[in-house]
Structure formats: structure tokens, C-alpha cells
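Visitor: I'd like to ask you about the structure that follows.
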Amino acid sequence: MSLNEARTNAAHDAVRSLVAAKFRYLTPMTLTFMISYIGLTAVAGFAKSWMTVKVAGPLTLGFALIFFNYILSWALALIYEHVANKVFDPLAAKAVAARRESMT
Amino acid sequence: MSITLVIFSCILLVTLAITYWAAKRTATAADFYAASGSLTAAQNGFALAGDWCSAAAFLGFTGLTALYGMDGAFYGLGPLVAFCTVLFLIAEPLRNSGKYTLGDVIRSRMHTRTSLLAAITGTVVVNFAYLMPQMAGAGVLVQLLTGIPYNLAVIFVGISMIIYVAFGGMLATTWVQIVKAALMLGAGTIILLLALSLVHFNPLSFFANVEAKYGANYLAPGNYLKNPFDQISLGLGYVLGLAGLPHVMTRFYTVPDARTARRSVVWVMFLAGAFFVATTLFGLAAADFVGQDAIRAADKGGNLTLPLLAQHLGGGKGSFGGELMLGFVSAVAVATILAVVSALTLSTSSTIAHDFYANWLKGGKVDGKREVRIARVTAVVIGLLAIALGILAQGVNVAVLVILAICVAASANFPVLILSLFWRRFNTAGVVCGMAAGLTSSVILACIGPAMRGGDAVWPLVNPTIVSMPLGFLGAVLGTLLAGRDPDNEKRFDAFLMQVHTGVSHD
């Protein structure tokens, strides 16, 4: 294996560790909103009576969960932005640097 | 009526001035398709909100909530959650790996003309399925809101969008969307404050009031979507379909880098999300203050709920404040339609001029000036076609097309896009089979379902995504596996990954 090939492989490895980091964070985050939201539609479809239980004054569980999903989406968006800035961007910069080395 | 026309004329003048300004700054292909990637995150966030909130969102969600309770609130939530998918998986990779279109992404992954053709098909089908009901809806709504006859309204909307797109390209389209989003959010804020002021700023009062008026069942799910699977299918359609709508996704090419694309999604999630949650409260407030009977009397489908609520909050029918609010909200509704149809026209003309003409037909060897000229002409042709289809669609049931647009996006475009970005073995045969399976199953199931055939439906679900989306994925995977391995394609994947996740291109 030539030096150039080794450097190219190093660049590819750097990208793969970025992708791995993304999967590590994004799999649980994606599952969270999918289960929370699709789960809510399933409960609305199949367990209607749960949705009409009162949780706070006139507010029903169904509407409370709908509002919860809004909050959850916003929270996940902010978490994602934070993680992307703090974790993904530095890893991406590393991959770009490794690639630049492989080009020289 | 006349107040609506005066306010709308002002909006129209502003948008035309924007178009004049934008036209002078639109010369190259990058200008025309993507405003040269020059937008800030906040600008793109507002434009995304303008793009994504169609008249269905602005008027429809409020009406559905007022008439059917909780099911309307589900219509509001889905479009926000959908942006989680876009933010996590789609926005930055798209920004990094494409130039102007969905076709660019597929082409830079597969390097084949066949896969490009599949991407063009997905784009054109989804855009037209979305555009035609928007035109028909525009005709009906403008007629309801201003009294202008249906055909004239369709022609007017069509000509306006042709002017925005053909002359001002992406820059004009973007600013039309920003103006519309600002007006929509402004109108929403005023209505929300006025409505809350009537219940001492306790939104829970709306729930107590409507329950007292319409009974506990009104706040239960299933009043609009009777079949439980439809509830889930609608949710899936939203959550995966948004990422497959080319006219929204092209917005990520208007920002300079992935970081700005990311930030712009966070902007739209707060802007549009706040508006969506407000539509639920507007619906309950309208059911409380205006009453379901008055809402149904004005329009069976409840599309006039928000204007009627605005009129009530402004001081009621006949009062100056009431008519002013009615006029303002109606004018914003028309502006909403214009912003959405413009984006659809631009996205369709981009795929035809850039993907089909420049890259498919000419193999990328096209003079930029010529490509822009073709894109402009295509925009005019698409606009005229949309006008003709809109006029033909009068009185025809276009509900099936609305469902089809989001369903095809979720079942054909989304699987192909996501597998292109993340699966090393995915190949051209997979693209073609995935697109074909998602597209045909969506079309067939939508056409034999209740949206098309009413009581005679052979297939029980209004929205077929819950079946067609897995079929799209299945087609993509089977096509890939049956075609056998393609070592060159798999070897290139490392370089593609580098581009997708860092934005640094391999050549």
C-alpha cells in the first residue's frame, strides 16, 4: 500500500467515525420522536378512551400529549443543533483535514 | 370584499417590486435556481415557513379543529414533527451533496442517467400532484374571499406566479415567501392575542367552553379520520413525506453551507410550529365564539373559519374592525397560495431545465445562460399548464391529488433519497425499482380508496402511506439486491460520504 493510499484510507476512516457518531446520537433521537408521535396517532386510533381522560382541568390526555409532542420536537431540534455544533462539526473538520493531507 | 382587495393589492405591489429588484440580480444558473446560496439562516427559516404553510395549513387546520376537534390538532402537529426527520437526516446532506435539485443528489451518488431520470419523474409527479389542487383551491378560495370568479382567480394566480418565477427566479420566490410568512405570523399573533384576551389569557377556557357547547366527544379523536389506520398513515405521510417534497427541499440550496441549513431548520420549526399550535387554539376559539353552524354556513369544509374568527375578534360583522380583520386575513390567505404555487413552479422548472435538459439530455455540457433561458421558458409553460389544469379541475374532486403528493413523496422520493445517502450497496436498479414501487402503489391505492371513489372504495384508507411507503423501501432493496453488486459504485461511496457529511467534493 502506497503512502497516498494510506492517507486516503485515513480520510475515509475519519468520515466513517463521523457517520458512526451521527448514528450514535441520531438513532435514539429519531426513535424518540417517531415513537412519541406515531405512537400517539396509534393510541388515537385504537385506544380512543384513553385520549379523553382529563389530566388538568378541562385538558384531556390527548391534547396534553399533542402539546407535549410540540415541546419534544422543539427540544430535540435544540439538542440536535447543540450536538452538531459540539460533536459533528469538529469531526467533520478532522475528516476534511485528513482528506487535504491525502491530496498533497 | 373591497377591503380584502385593497390589502391584497398592496401585498401584490410589494411582491412585484421585489420581483423587479430580484430580476436585476438574477443572471446565472446559480442565481436562478438557488439565489446563489446567499441567504441567512433566519431568511431561509422564514422562507421555509412560507413554503411549508400552504392554504391547507393556514385555513384548513383551523377549520378542521373547529369542526372535528382533536383530529384537526393532529393535522397541525404532523407538519412540525416532520422537520425532525429533515433536520436529523436530510437538510445538511442535501446541502452538501447537491447543487440545485434532488436529481443532483441522486446523480452524484449513482453517476447514471437512468437514476437521474427516476429522480426527475419523482420530482415532476409530486410537484404536479401538489400544484394542481393548489390551483383549484386557489380558485375556490379567491372566489370565496374576494368574489372574483373561479376561472379568473385561477388565471390571476397563475400569471402572478409566472411573473415571480420567470423573472425573479429563486430570489423573488424566496422573498415572496418571506413576506407571506411575516404576514401570516403577524396575523396569527394578532388573532391569538385578541382571542386570548377574551378568556383572560387562559387557553384552557377554550377547552372547557367547547366541551360545554359540543360535548366531550368533540375533544376525542376519530371524528374526522374514522379508520384508525388512517390516523397512523397520515402521521407517517407527514413525517417521511416532507423530506421527499422537492419544492421544500430545494430551499436548502439557497444557504451557503450545512451549518446555515441546520440553523434555518431550527428557525422554521419555531416559526411554523408556533403557528401550527396556534391553529389548534384558533379552531377551538372559533368553535366557541363563531360557532360550528355559522362556520358550516359560510363553507361546508370549514375553510373560512379563520377569516370568520378574525372578523368576530375585530368587532363582528359590519363593524370597521371586523371587516378590516376579515380583509387582512383573507388577503394573507391569497398571498399564502401565491407563495406555495411559486415554489412548486420554480422547483418543477429547475428539474426540467437543470436535471432533464442540461444533465440528462446534454450530459452537463450546456452554456449557463442558455440553461437559465430554458428554465425561464419552462416556468412559463408550467404556469400555463397549471392554469389550464386548474380550470379543468373546477368541480372535480382533487382531494385524491393532495394525498397523492405527500404519499408519493414519502413512498418513492424519501426511500430513494435516504438509501442513496446512507446505504453503500444501493444502486441504480434500486433507485428505479424503489421509485416505481412507491409511485405505482401510491397511485393505485389512492385511486381505489375513499378519496377517489367515496362509498364504493375497494381499499379502506384515505391515505395509503402506511402500505405504499414500506413497498417503496421493499422495491428499492429488492432492486438493489437483484441487480447484484457494483464494486465501482460501492468504492465511490467513501468519497460520496465525505461530500455528504463535510461538503468537500471528491473532485
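Going by the C-alpha cells order, chains are called A, B, ..., each with residues numbered from 1, while ligands are numbered from 1 in the order shown.
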If you take only C-alpha atoms and a cut-off of 8 Å, which residues of chain A touch chain B, and what are their nearest atom pairs and distances in Å to one decimal, in chain and number order, as a Markdown table?
Guide:
| residue | atom | partner | partner_atom | distance |
| --- | --- | --- | --- | --- |
| A:His12 | CA | B:Asp494 | CA | 6.0 |
| A:Val15 | CA | B:Met498 | CA | 5.9 |
| A:Leu18 | CA | B:His501 | CA | 7.8 |
| A:Val19 | CA | B:His501 | CA | 7.6 |
| A:Leu26 | CA | B:Phe88 | CA | 6.7 |
| A:Thr30 | CA | B:Thr85 | CA | 7.3 |
| A:Phe33 | CA | B:Val81 | CA | 7.5 |
| A:Tyr37 | CA | B:Val81 | CA | 7.6 |
| A:Ile38 | CA | B:Gly235 | CA | 6.3 |
| A:Thr41 | CA | B:Ile232 | CA | 5.2 |
| A:Ala42 | CA | B:Ile232 | CA | 5.8 |
| A:Ala44 | CA | B:Pro221 | CA | 5.7 |
| A:Gly45 | CA | B:Pro228 | CA | 3.8 |
| A:Phe46 | CA | B:Pro228 | CA | 6.1 |
| A:Lys48 | CA | B:Pro221 | CA | 6.3 |
| A:Ser49 | CA | B:Ala220 | CA | 7.9 |
| A:Met51 | CA | B:Ala220 | CA | 6.5 |
| A:Thr52 | CA | B:Ala220 | CA | 5.7 |
| A:Gly57 | CA | B:Leu204 | CA | 7.7 |
| A:Pro58 | CA | B:Ala208 | CA | 5.2 |
| A:Leu59 | CA | B:Phe207 | CA | 6.5 |
| A:Thr60 | CA | B:Leu219 | CA | 7.8 |
| A:Gly62 | CA | B:Ala220 | CA | 7.6 |
| A:Phe63 | CA | B:Met70 | CA | 7.3 |
| A:Ile66 | CA | B:Leu77 | CA | 7.0 |
| A:Phe67 | CA | B:Val277 | CA | 7.7 |
| A:Asn69 | CA | B:Leu77 | CA | 7.6 |
| A:Tyr70 | CA | B:Leu77 | CA | 6.9 |
| A:Ser73 | CA | B:Val81 | CA | 6.0 |
| A:Trp74 | CA | B:Met269 | CA | 6.9 |
| A:Leu76 | CA | B:Cys84 | CA | 7.6 |
| A:Ala77 | CA | B:Val266 | CA | 6.1 |
| A:Leu78 | CA | B:Val266 | CA | 7.2 |
| A:Tyr80 | CA | B:Phe88 | CA | 7.3 |
| A:Glu81 | CA | B:Arg262 | CA | 7.1 |
| A:Ala92 | CA | B:Thr502 | CA | 5.4 |
| A:Ala93 | CA | B:Thr502 | CA | 7.5 |
| A:Ala95 | CA | B:Thr502 | CA | 7.6 |
| A:Val96 | CA | B:Thr502 | CA | 6.9 |
Visitor: Select from segment 231-471 of chain B everything DSSP, run on the backbone, classes as alpha helix (DSSP H), then give the selection as a PyMOL selection string.
Guide: chain B and resi 231-241+246-249+258-289+292-298+305-314+320-350+368-392+399-408+414-422+428-447+450-453+465-471
Visitor: Rounded to one decimal place, report the atom CA of Phe167 of chain B-atom CA of Ala23 of chain B distance in Å.
Guide: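 Atom CA of Phe167 of chain B sits 5.2 Å away from atom CA of Ala23 of chain B.
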Visitor: Pick out the residues sitting within 12 Å of Ile148 of chain B, and hand them over as a list in words; count only C-alpha atoms, and ignore anything fewer than 3 positions along from it in its own chain.
Guide: Met1, Ser2, Thr4, Leu5, Ala138, Gly139, Val140, Leu141, Val142, Gln143, Leu144, Leu145, Asn151, Leu152, Ala153, Val154, Ile155, Phe156 and Val157 of chain B
Visitor: Please, what distance in Å, to one decimal, runs between atom CA of Trp360 of chain B and atom CA of Leu478 of chain B?
Guide: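 Separating atom CA of Trp360 of chain B from atom CA of Leu478 of chain B is a distance of 25.6 Å.
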Visitor: With a distance cut-off of 9 Å and only C-alpha atoms, select the neighbouring residues of Ser160 of chain B, excluding the residue or stretch itself and same-chain residues fewer than 2 positions from it, and output the selection as a list in words.
Guide: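 Neighbouring residues, sequence-local ones excluded: Leu12, Leu16, Ile155, Phe156, Val157, Gly158, Ile162, Ile163, Tyr164, Val165, Leu338 and Ser342 of chain B.
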Visitor: Could you go through chain A and tell me which residues DSSP, when run on the backbone, assigns to strand (DSSP E or B), listing them as an NGL selection string?
Guide: :A and (54-56 or 59-60)
Visitor: Store the residues picked out above in a file with N, CA, C and O atoms, as a tab-separated table (two decimals), in the first residue's frame.
Guide:
chain	number	residue	atom	x	y	z
A	54	LYS	N	-59.24	13.23	31.60
A	54	LYS	CA	-58.85	14.60	31.97
A	54	LYS	C	-57.55	14.57	32.77
A	54	LYS	O	-57.40	13.77	33.70
A	55	VAL	N	-56.61	15.43	32.43
A	55	VAL	CA	-55.36	15.47	33.18
A	55	VAL	C	-55.18	16.77	33.96
A	55	VAL	O	-54.52	16.79	34.99
A	56	ALA	N	-55.71	17.88	33.45
A	56	ALA	CA	-55.58	19.16	34.17
A	56	ALA	C	-56.80	20.00	33.84
A	56	ALA	O	-56.89	20.56	32.75
A	59	LEU	N	-58.41	20.01	30.32
A	59	LEU	CA	-57.46	19.49	29.33
A	59	LEU	C	-57.44	17.96	29.37
A	59	LEU	O	-57.25	17.35	30.41
A	60	THR	N	-57.63	17.35	28.18
A	60	THR	CA	-57.62	15.89	28.11
A	60	THR	C	-56.21	15.38	27.87
A	60	THR	O	-55.33	16.13	27.42
Visitor: Rounded to one decimal, what separation in Å do you get between atom CA of Leu419 of chain B and atom CA of Trp52 of chain B?
Guide: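 We find that atom CA of Leu419 of chain B and atom CA of Trp52 of chain B lie 24.2 Å from each other.
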Visitor: Give me the residues within 8 Å of Gly103 of chain B as JSON, numbers by chain, counting only C-alpha atoms and dropping any in the same chain fewer than 5 places off.
Guide: {"B": [116, 119, 120, 351, 355]}
